[in-house]
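Note: the block below is run_8.tsv and it holds TSV, C-alpha atoms.
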chain	number	residue	atom	x	y	z
S	262	MET	CA	187.00	157.44	150.72
S	263	PRO	CA	184.27	159.67	152.23
S	264	GLU	CA	180.71	158.35	152.25
S	265	GLY	CA	179.73	160.81	149.54
S	266	GLY	CA	182.52	159.85	147.12
S	267	GLU	CA	186.07	160.91	146.32
S	268	LEU	CA	187.16	164.34	147.51
S	269	PRO	CA	190.31	166.27	146.57
S	270	ASP	CA	193.00	166.93	149.15
S	271	LEU	CA	195.31	169.92	149.54
S	272	ASP	CA	197.80	168.43	147.07
S	273	ALA	CA	195.04	168.16	144.45
S	274	ILE	CA	194.10	171.79	145.04
S	275	ARG	CA	197.72	172.86	144.66
S	276	ALA	CA	197.98	170.84	141.43
S	277	ALA	CA	194.79	172.49	140.19
S	278	HIS	CA	196.24	175.91	140.98
S	279	ALA	CA	199.26	175.19	138.78
S	280	ARG	CA	197.10	173.69	136.02
S	281	ILE	CA	194.70	176.61	135.70
S	282	ALA	CA	197.19	179.44	136.24
S	283	PRO	CA	197.45	180.32	132.52
S	284	PHE	CA	193.67	180.57	132.16
S	285	VAL	CA	192.37	182.43	135.23
S	286	HIS	CA	193.09	185.63	137.11
S	287	ARG	CA	194.78	185.77	140.49
S	288	THR	CA	192.09	188.07	141.83
S	289	PRO	CA	192.85	190.84	144.32
S	290	VAL	CA	192.00	190.89	148.03
S	291	MET	CA	190.27	194.07	149.16
S	292	SER	CA	189.27	195.56	152.49
S	293	CYS	CA	186.94	198.37	153.55
S	294	THR	CA	187.09	200.13	156.91
S	295	ALA	CA	183.49	201.35	156.65
S	296	ILE	CA	182.20	197.80	156.19
S	297	ASP	CA	184.46	196.50	158.97
S	298	GLU	CA	182.74	198.93	161.33
S	299	GLN	CA	179.32	197.61	160.34
S	300	ALA	CA	180.38	193.97	160.68
S	301	GLY	CA	182.40	194.38	163.86
S	302	ALA	CA	185.33	192.48	162.35
S	303	SER	CA	188.29	192.95	160.01
S	304	LEU	CA	187.17	191.62	156.62
S	305	PHE	CA	189.28	190.62	153.63
S	306	PHE	CA	187.34	190.17	150.40
S	307	LYS	CA	188.70	187.72	147.81
S	308	CYS	CA	187.34	189.36	144.68
S	309	GLU	CA	186.16	186.49	142.49
S	310	HIS	CA	183.62	188.80	140.87
S	311	LEU	CA	186.69	190.06	138.98
S	312	GLN	CA	187.52	186.54	137.81
S	313	LYS	CA	187.24	185.34	134.20
S	314	ILE	CA	183.53	185.11	133.25
S	315	GLY	CA	182.77	187.18	136.36
S	316	ALA	CA	182.73	184.33	138.89
S	317	PHE	CA	184.87	181.80	140.79
S	318	LYS	CA	183.35	179.06	138.62
S	319	ALA	CA	186.10	179.62	136.04
S	320	ARG	CA	188.51	177.89	138.40
S	321	GLY	CA	186.65	174.60	138.72
S	322	ALA	CA	185.62	174.45	135.08
S	323	CYS	CA	189.17	175.07	133.85
S	324	ASN	CA	190.58	172.43	136.17
S	325	ALA	CA	188.04	169.86	134.99
S	326	VAL	CA	188.43	170.64	131.28
S	327	PHE	CA	192.22	170.73	131.32
S	328	SER	CA	192.33	167.49	133.32
S	329	LEU	CA	190.71	165.57	130.44
S	330	ASP	CA	192.87	163.47	128.14
S	331	ASP	CA	192.93	164.53	124.51
S	332	ALA	CA	190.67	161.76	123.19
S	333	THR	CA	188.00	162.51	125.78
S	334	ALA	CA	188.29	166.26	125.33
S	335	ARG	CA	187.72	166.02	121.58
S	336	ARG	CA	184.17	164.77	122.19
S	337	GLY	CA	183.35	167.95	124.08
S	338	VAL	CA	181.82	168.69	127.46
S	339	VAL	CA	178.29	169.23	128.76
S	340	THR	CA	176.80	170.60	131.95
S	341	HIS	CA	173.64	172.03	133.45
S	342	SER	CA	173.74	175.45	135.03
S	343	SER	CA	171.65	178.48	135.92
S	344	GLY	CA	174.45	180.57	134.50
S	345	ASN	CA	177.89	181.01	136.03
S	346	HIS	CA	179.13	177.41	135.77
S	347	GLY	CA	177.77	177.24	132.23
S	348	ALA	CA	179.70	180.34	131.23
S	349	ALA	CA	182.79	178.98	132.97
S	350	LEU	CA	182.59	175.67	131.13
S	351	ALA	CA	182.03	177.48	127.83
S	352	TYR	CA	185.08	179.65	128.53
S	353	ALA	CA	187.27	176.67	129.49
S	354	ALA	CA	186.15	174.69	126.45
S	355	ARG	CA	186.93	177.61	124.14
S	356	ARG	CA	190.41	177.90	125.65
S	357	ARG	CA	190.97	174.20	125.01
S	358	GLY	CA	189.41	174.34	121.54
S	359	ILE	CA	186.57	171.88	122.16
S	360	ARG	CA	182.77	172.03	122.02
S	361	ALA	CA	180.56	172.75	125.01
S	362	TRP	CA	176.84	172.26	125.59
S	363	VAL	CA	175.07	173.97	128.48
S	364	VAL	CA	171.59	172.98	129.64
S	365	MET	CA	169.90	175.99	131.26
S	366	PRO	CA	166.51	176.43	132.92
S	367	GLU	CA	164.02	178.48	130.95
S	368	ASN	CA	163.90	181.07	133.74
S	369	ALA	CA	167.68	181.66	133.93
S	370	PRO	CA	168.55	185.38	134.10
S	371	ALA	CA	169.08	186.85	130.64
S	372	VAL	CA	172.49	188.23	131.61
S	373	LYS	CA	173.69	184.74	132.53
S	374	ARG	CA	172.39	183.10	129.35
S	375	ALA	CA	174.07	185.83	127.29
S	376	ASN	CA	177.32	185.18	129.15
S	377	VAL	CA	177.18	181.46	128.24
S	378	GLU	CA	176.45	182.15	124.57
S	379	ARG	CA	179.18	184.78	124.37
S	380	PHE	CA	181.79	182.05	124.86
S	381	GLY	CA	180.39	179.92	122.05
S	382	ALA	CA	178.54	177.18	123.92
S	383	THR	CA	175.38	175.59	122.55
S	384	VAL	CA	172.53	176.33	124.96
S	385	ARG	CA	169.64	173.92	125.46
S	386	LEU	CA	166.73	175.16	127.54
S	387	CYS	CA	164.74	172.92	129.87
S	388	ALA	CA	162.12	173.11	132.59
S	389	PRO	CA	163.44	174.68	135.80
S	390	ASN	CA	163.93	171.52	137.84
S	391	VAL	CA	166.79	169.11	138.52
S	392	ALA	CA	165.21	166.13	136.76
S	393	ALA	CA	164.76	168.09	133.54
S	394	ARG	CA	168.33	169.38	133.69
S	395	GLU	CA	169.80	165.92	134.21
S	396	ALA	CA	167.66	164.37	131.47
S	397	ALA	CA	168.72	167.02	128.96
S	398	CYS	CA	172.40	166.55	129.86
S	399	ALA	CA	172.09	162.79	129.43
S	400	GLU	CA	170.53	163.30	126.00
S	401	VAL	CA	173.38	165.56	124.88
S	402	ALA	CA	175.94	163.06	126.17
S	403	ARG	CA	174.25	160.20	124.26
S	404	GLU	CA	174.13	162.22	121.05
S	405	SER	CA	177.65	163.66	121.17
S	406	GLY	CA	179.76	161.57	123.52
S	407	ALA	CA	180.44	164.74	125.53
S	408	THR	CA	181.72	164.37	129.09
S	409	LEU	CA	179.53	165.66	131.89
S	410	ILE	CA	181.24	168.28	134.05
S	411	HIS	CA	178.91	168.62	137.01
S	412	PRO	CA	178.64	172.11	138.53
S	413	PHE	CA	179.78	170.91	141.96
S	414	ASP	CA	179.61	167.11	142.36
S	415	ASP	CA	183.02	166.49	140.80
S	416	PRO	CA	186.37	166.32	142.63
S	417	ARG	CA	188.13	168.17	139.79
S	418	VAL	CA	185.65	171.04	140.06
S	419	ILE	CA	185.90	171.14	143.86
S	420	ALA	CA	189.70	171.23	143.65
S	421	GLY	CA	189.57	174.13	141.21
S	422	GLN	CA	187.19	176.10	143.42
S	423	GLY	CA	189.53	175.57	146.38
S	424	THR	CA	192.28	177.53	144.64
S	425	ALA	CA	190.59	180.83	145.56
S	426	ALA	CA	191.05	180.08	149.27
S	427	LEU	CA	194.62	178.98	148.58
S	428	GLU	CA	195.37	182.41	147.13
S	429	LEU	CA	193.48	184.25	149.86
S	430	LEU	CA	195.49	182.55	152.60
S	431	GLU	CA	198.74	183.22	150.76
S	432	ALA	CA	197.80	186.91	150.62
S	433	VAL	CA	196.44	187.19	154.18
S	434	GLY	CA	198.00	184.41	156.19
S	435	ASP	CA	196.71	185.19	159.68
S	436	LEU	CA	192.97	184.84	159.18
S	437	ASP	CA	190.84	183.53	162.04
S	438	ALA	CA	187.97	182.47	159.78
S	439	ILE	CA	186.90	182.26	156.16
S	440	VAL	CA	183.32	182.49	154.88
S	441	ALA	CA	181.94	181.32	151.54
S	442	PRO	CA	178.40	181.13	150.18
S	443	CYS	CA	176.87	177.69	149.67
S	444	GLY	CA	174.59	176.43	146.93
S	445	GLY	CA	175.62	172.96	145.78
S	446	GLY	CA	178.66	173.15	148.02
S	447	GLY	CA	181.51	173.00	145.51
S	448	LEU	CA	183.01	176.35	146.50
S	449	LEU	CA	182.55	175.83	150.22
S	450	SER	CA	183.93	172.27	150.03
S	451	GLY	CA	187.04	173.38	148.14
S	452	THR	CA	187.46	176.38	150.43
S	453	ALA	CA	187.20	174.20	153.53
S	454	ILE	CA	189.65	171.56	152.30
S	455	ALA	CA	192.19	174.18	151.26
S	456	ALA	CA	191.83	176.33	154.38
S	457	LYS	CA	191.94	173.50	156.91
S	458	GLY	CA	194.79	171.87	155.00
S	459	LEU	CA	196.84	175.05	155.23
S	460	ARG	CA	195.83	176.10	158.73
S	461	ALA	CA	194.12	173.59	161.01
S	462	SER	CA	193.01	176.26	163.50
S	463	ILE	CA	191.02	178.35	161.02
S	464	ASP	CA	187.21	178.34	161.23
S	465	VAL	CA	185.46	177.69	157.91
S	466	LEU	CA	181.92	179.07	157.82
S	467	GLY	CA	179.08	178.63	155.34
S	468	ALA	CA	176.55	181.31	154.36
S	469	GLU	CA	173.07	180.83	152.92
S	470	PRO	CA	169.83	182.74	152.39
S	471	ALA	CA	167.24	181.88	155.04
S	472	ASN	CA	164.82	181.30	152.15
S	473	ALA	CA	167.07	178.52	150.76
S	474	ASP	CA	168.70	177.04	153.85
S	475	ASP	CA	168.84	173.39	152.79
S	476	ALA	CA	172.64	173.20	153.20
S	477	ALA	CA	172.43	174.55	156.76
S	478	ARG	CA	169.71	172.02	157.54
S	479	SER	CA	171.65	169.19	155.88
S	480	PHE	CA	174.78	170.17	157.78
S	481	ALA	CA	172.86	170.03	161.06
S	482	SER	CA	171.06	166.74	160.40
S	483	GLY	CA	173.85	164.87	158.61
S	484	ARG	CA	171.59	163.88	155.73
S	485	LEU	CA	170.54	165.61	152.52
S	486	GLU	CA	167.56	167.84	153.19
S	487	PRO	CA	165.52	168.70	150.09
S	488	LEU	CA	165.22	172.28	148.92
S	489	PRO	CA	161.50	173.05	148.59
S	490	ALA	CA	160.16	175.42	145.97
S	491	THR	CA	161.53	178.74	147.11
S	492	THR	CA	162.21	182.31	146.08
S	493	THR	CA	165.43	184.12	146.87
S	494	ILE	CA	167.21	186.98	145.21
S	495	ALA	CA	170.38	184.86	145.50
S	496	ASP	CA	169.42	182.69	142.52
S	497	GLY	CA	172.87	181.10	142.31
S	498	LEU	CA	172.34	179.43	145.71
S	499	ARG	CA	169.07	177.64	144.87
S	500	THR	CA	170.84	174.29	144.61
S	501	THR	CA	170.83	171.19	146.80
S	502	LEU	CA	174.02	169.60	148.11
S	503	ALA	CA	175.34	166.30	146.79
S	504	PRO	CA	176.45	163.47	149.13
S	505	ARG	CA	180.05	164.30	148.20
S	506	THR	CA	179.81	167.97	149.15
S	507	LEU	CA	177.82	167.24	152.31
S	508	ALA	CA	180.60	164.87	153.42
S	509	ALA	CA	183.20	167.61	152.88
S	510	LEU	CA	181.18	170.20	154.78
S	511	ARG	CA	180.49	167.90	157.71
S	512	ALA	CA	184.21	167.11	157.92
S	513	HIS	CA	185.64	170.61	157.64
S	514	VAL	CA	183.05	173.37	158.22
S	515	LYS	CA	182.42	174.73	161.72
S	516	ALA	CA	179.05	176.46	161.32
S	517	PHE	CA	176.47	177.90	158.94
S	518	GLY	CA	174.81	181.28	159.01
S	519	THR	CA	171.65	182.40	157.24
S	520	CYS	CA	170.38	185.83	156.27
S	521	SER	CA	167.20	187.59	155.26
S	522	GLU	CA	166.45	188.78	151.76
S	523	ALA	CA	166.54	192.38	152.99
S	524	SER	CA	170.01	191.83	154.41
S	525	ILE	CA	171.25	190.40	151.11
S	526	VAL	CA	170.10	193.56	149.34
S	527	ARG	CA	171.64	195.71	152.09
S	528	ALA	CA	174.98	193.90	151.84
S	529	MET	CA	174.99	194.01	148.05
S	530	ARG	CA	174.31	197.73	148.04
S	531	MET	CA	176.94	198.30	150.73
S	532	ILE	CA	179.57	196.63	148.53
S	533	PHE	CA	178.44	198.70	145.53
S	534	GLU	CA	178.48	201.99	147.42
S	535	ARG	CA	181.42	201.62	149.80
S	536	MET	CA	183.78	199.36	147.83
S	537	LYS	CA	182.67	200.46	144.34
S	538	GLN	CA	182.43	196.81	143.30
S	539	VAL	CA	179.66	195.22	141.20
S	540	VAL	CA	178.58	191.96	142.85
S	541	GLU	CA	175.62	189.65	142.36
S	542	PRO	CA	173.22	188.84	145.22
S	543	SER	CA	174.71	185.39	145.91
S	544	ALA	CA	178.11	187.01	146.45
S	545	ALA	CA	176.65	189.36	149.08
S	546	VAL	CA	175.26	186.51	151.22
S	547	PRO	CA	178.38	186.03	153.40
S	548	LEU	CA	178.46	189.72	154.32
S	549	ALA	CA	174.69	189.64	154.89
S	550	CYS	CA	175.15	186.80	157.39
S	551	LEU	CA	177.76	188.87	159.24
S	552	LEU	CA	175.46	191.90	159.28
S	553	ASP	CA	172.62	189.71	160.58
S	554	ARG	CA	175.02	188.34	163.25
S	555	SER	CA	174.06	184.76	162.38
S	556	LEU	CA	177.80	184.02	162.29
S	557	ASP	CA	179.86	185.11	165.30
S	558	VAL	CA	183.03	186.78	164.04
S	559	ALA	CA	183.19	189.79	166.37
S	560	GLY	CA	186.69	191.23	166.59
S	561	ARG	CA	188.19	188.58	164.30
S	562	ARG	CA	190.09	188.65	160.99
S	563	VAL	CA	187.79	187.09	158.42
S	564	GLY	CA	188.23	186.21	154.75
S	565	ILE	CA	185.18	186.35	152.49
S	566	VAL	CA	185.03	184.72	149.08
S	567	VAL	CA	183.07	187.16	146.88
S	568	SER	CA	181.71	184.60	144.47
S	569	GLY	CA	180.55	186.54	141.41
S	570	GLY	CA	179.50	189.76	139.74
S	571	ASN	CA	177.11	188.74	136.97
S	572	VAL	CA	174.15	190.93	137.81
S	573	ASP	CA	171.55	192.48	135.50
S	574	LEU	CA	172.19	196.20	135.96
S	575	ASP	CA	168.67	196.99	134.66
S	576	ARG	CA	167.16	194.97	137.51
S	577	LEU	CA	169.11	195.99	140.58
S	578	PRO	CA	167.00	195.16	143.64
S	579	TRP	CA	166.93	198.69	145.01
S	580	LEU	CA	165.75	200.28	141.77
S	581	GLY	CA	162.11	199.28	142.31
S	582	ALA	CA	161.89	201.28	145.51
S	583	ASN	CA	163.01	204.40	143.63
S	584	ALA	CA	161.04	203.88	140.43
Can you give me the file's structure in the form of structure tokens?
Amino acid sequence: MPEGGELPDLDAIRAAHARIAPFVHRTPVMSCTAIDEQAGASLFFKCEHLQKIGAFKARGACNAVFSLDDATARRGVVTHSSGNHGAALAYAARRRGIRAWVVMPENAPAVKRANVERFGATVRLCAPNVAAREAACAEVARESGATLIHPFDDPRVIAGQGTAALELLEAVGDLDAIVAPCGGGGLLSGTAIAAKGLRASIDVLGAEPANADDAARSFASGRLEPLPATTTIADGLRTTLAPRTLAALRAHVKAFGTCSEASIVRAMRMIFERMKQVVEPSAAVPLACLLDRSLDVAGRRVGIVVSGGNVDLDRLPWLGANA
């Protein structure tokens, strides 16, 4: 067992793929010649912004919820989330016919809170810090008997997230590299386990905002590096790794890239304008790292997991400059 705890293997990811198939989309893979020219590589975008609830998180949440035995499931599920995992858990719980509670920070984007409530979850607000989130989750669990489904520190969640890479490599089998954004590391861990399990020679690369580069620093040092108080437009990536996800990244990821806030906005707008796809800032971080050349993929065939599309259209980052 890895130092950080149990991790899924390729068989677990394949089992997750079969388990969640009735409840999630097999999202398309897109390409764009104009963006390829900017990046200097052939890019293949796995469009998880078109997934149920608008993000890849539906995969991990569905795998976790549908892995529960009936007696456990009847008591419901609880999690803490800034938005996408909360909506995913609410969606999965509704599909299974059980209750869900989602603890959210008071400063969570309105569009993400609305997404959680739309699927029928009970929202509890807390102070915007990890200790407050965990305390509120523990209180719900004591009151209800609900099972905690952690946003990323859970092998069932990691296995579910890995199914996106499984599909990407089935669709485009000759990739040289695959890039995914990294917050808590659930998506990147699952991506890395799936990709390296299917093709040992592939390079798995992580992408982060320079303003929230704790995963890159943890990857380099081999120990969890705290995320200081920070501001980044990629709000979904303001999360610190767990020992479990750090162990997976150290075992399977080749390198990390980081990008500026301006490059995130540039990449996001490029996807809007040239691909006609609505993506959130966190989902634009991998492309931003390629545009900043912090990841070396020149001339290569590269898969990118586009993580989500839940963005407040009244607060697009380039609107202020034109107001």
Using 9 Å as the limit and counting only C-alpha atoms, can you tabulate each residue of segment 484-511 of chain S that touches segment 412-430 of chain S, with its shortest atom-to-atom distance in Å and the two atoms involved, as a Markdown table?
| residue | atom | partner | partner_atom | distance |
| --- | --- | --- | --- | --- |
| S:Leu502 | CA | S:Asp414 | CA | 8.4 |
| S:Ala503 | CA | S:Asp414 | CA | 6.2 |
| S:Pro504 | CA | S:Asp414 | CA | 8.3 |
| S:Arg505 | CA | S:Asp414 | CA | 6.5 |
| S:Thr506 | CA | S:Asp414 | CA | 6.8 |
Just write the chosen residues, C-alpha atoms, as an mmCIF file, in the coordinates of the input.
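See part.cif below for the written result:
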data_model
loop_
_atom_site.group_PDB
_atom_site.id
_atom_site.type_symbol
_atom_site.label_atom_id
_atom_site.label_comp_id
_atom_site.auth_asym_id
_atom_site.auth_seq_id
_atom_site.Cartn_x
_atom_site.Cartn_y
_atom_site.Cartn_z
ATOM 1 C CA LEU S 502 174.020 169.600 148.110
ATOM 2 C CA ALA S 503 175.340 166.300 146.790
ATOM 3 C CA PRO S 504 176.450 163.470 149.130
ATOM 4 C CA ARG S 505 180.050 164.300 148.200
ATOM 5 C CA THR S 506 179.810 167.970 149.150
#
What are the closest atom pairs, with distances in Å to one decimal, for all residues of segment 422-533 of chain S lying within 12 Å of segment 370-389 of chain S? Consider all atoms listed in the file, order rows by chain and residue number, and present the result as CSV.
residue,atom,partner,partner_atom,distance
S:Ala490,CA,S:Pro389,CA,10.7
S:Ile494,CA,S:Pro370,CA,11.3
S:Ala495,CA,S:Pro370,CA,11.6
S:Asp496,CA,S:Pro370,CA,8.9
S:Gly497,CA,S:Pro370,CA,10.2
S:Arg499,CA,S:Pro389,CA,11.1
S:Thr500,CA,S:Pro389,CA,11.5
Would you save the residues from that selection as a compact mmCIF listing (two decimals), in the frame of the given file, using C-alpha atoms?
# COMPACT_ATOMS: atom_id res chain seq x y z
CA ALA S 490 160.16 175.42 145.97
CA ILE S 494 167.21 186.98 145.21
CA ALA S 495 170.38 184.86 145.50
CA ASP S 496 169.42 182.69 142.52
CA GLY S 497 172.87 181.10 142.31
CA ARG S 499 169.07 177.64 144.87
CA THR S 500 170.84 174.29 144.61
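Among S:Ala544, S:Ala512, S:Val440, S:Ala273, the residue with the shortest atom-to-atom distance to Leu466 of chain S, counting only C-alpha atoms, is S:Val440.
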(message) Using only C-alpha atoms, can you tell me which of S:Gly447, S:Gly458, S:Gly560, S:Pro442 comes closest to Ala473 of chain S?
(response) S:Pro442
(request) Determine the nearest neighbour of Thr408 of chain S from the options S:Gly446, S:Pro470, S:Gly337, S:Gly358, counting only C-alpha atoms. (result) S:Gly337
(message) For a test of reading the model, state the distance in Å between atom CA of Asn345 of chain S and atom CA of Arg484 of chain S, rounded to one decimal.
(response)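 One can read the atom CA of Asn345 of chain S to atom CA of Arg484 of chain S distance as 26.9 Å.
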(message) Just want the 6 Å neighbourhood of Ile463 of chain S, counted on all atoms listed in the file, with same-chain residues fewer than 2 positions away dropped. Output as an MDAnalysis selection string.
(response) chainID S and resid 437:438 460:461
(message) Please report the interatomic distance between atom CA of His286 of chain S and atom CA of Ala508 of chain S in Å with one decimal.
(response) 29.2 Å
(request) Quick one: pull the distance between atom CA of Gln538 of chain S and atom CA of Met291 of chain S, Å, one decimal. (result) 10.2 Å
N, CA and C atoms restored at segment 429-442 of chain S, emitted as a short mmCIF file (atom, residue, chain, number, x, y, z; two decimals), keeping the file's coordinate frame:
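Below is the file that was written, part21.cif:
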data_model
loop_
_atom_site.label_atom_id
_atom_site.label_comp_id
_atom_site.auth_asym_id
_atom_site.auth_seq_id
_atom_site.Cartn_x
_atom_site.Cartn_y
_atom_site.Cartn_z
N LEU S 429 193.86 183.33 148.79
CA LEU S 429 193.48 184.25 149.86
C LEU S 429 194.39 184.06 151.08
N LEU S 430 194.66 182.81 151.43
CA LEU S 430 195.49 182.55 152.60
C LEU S 430 196.96 182.83 152.34
N GLU S 431 197.38 182.79 151.09
CA GLU S 431 198.74 183.22 150.76
C GLU S 431 198.86 184.73 150.90
N ALA S 432 197.78 185.44 150.56
CA ALA S 432 197.80 186.91 150.62
C ALA S 432 197.61 187.44 152.03
N VAL S 433 196.76 186.77 152.81
CA VAL S 433 196.44 187.19 154.18
C VAL S 433 196.56 185.95 155.06
N GLY S 434 197.73 185.69 155.57
CA GLY S 434 198.00 184.41 156.19
C GLY S 434 197.47 184.22 157.60
N ASP S 435 197.08 185.31 158.27
CA ASP S 435 196.71 185.19 159.68
C ASP S 435 195.21 185.34 159.91
N LEU S 436 194.41 184.77 159.03
CA LEU S 436 192.97 184.84 159.18
C LEU S 436 192.49 183.91 160.30
N ASP S 437 191.48 184.36 161.02
CA ASP S 437 190.84 183.53 162.04
C ASP S 437 189.73 182.67 161.46
N ALA S 438 189.11 183.17 160.38
CA ALA S 438 187.97 182.47 159.78
C ALA S 438 187.88 182.83 158.31
N ILE S 439 187.17 181.99 157.57
CA ILE S 439 186.90 182.26 156.16
C ILE S 439 185.46 181.85 155.88
N VAL S 440 184.74 182.69 155.15
CA VAL S 440 183.32 182.49 154.88
C VAL S 440 183.11 182.41 153.38
N ALA S 441 182.30 181.44 152.95
CA ALA S 441 181.94 181.32 151.54
C ALA S 441 180.45 181.01 151.44
N PRO S 442 179.80 181.48 150.38
CA PRO S 442 178.40 181.13 150.18
C PRO S 442 178.27 179.67 149.78
#
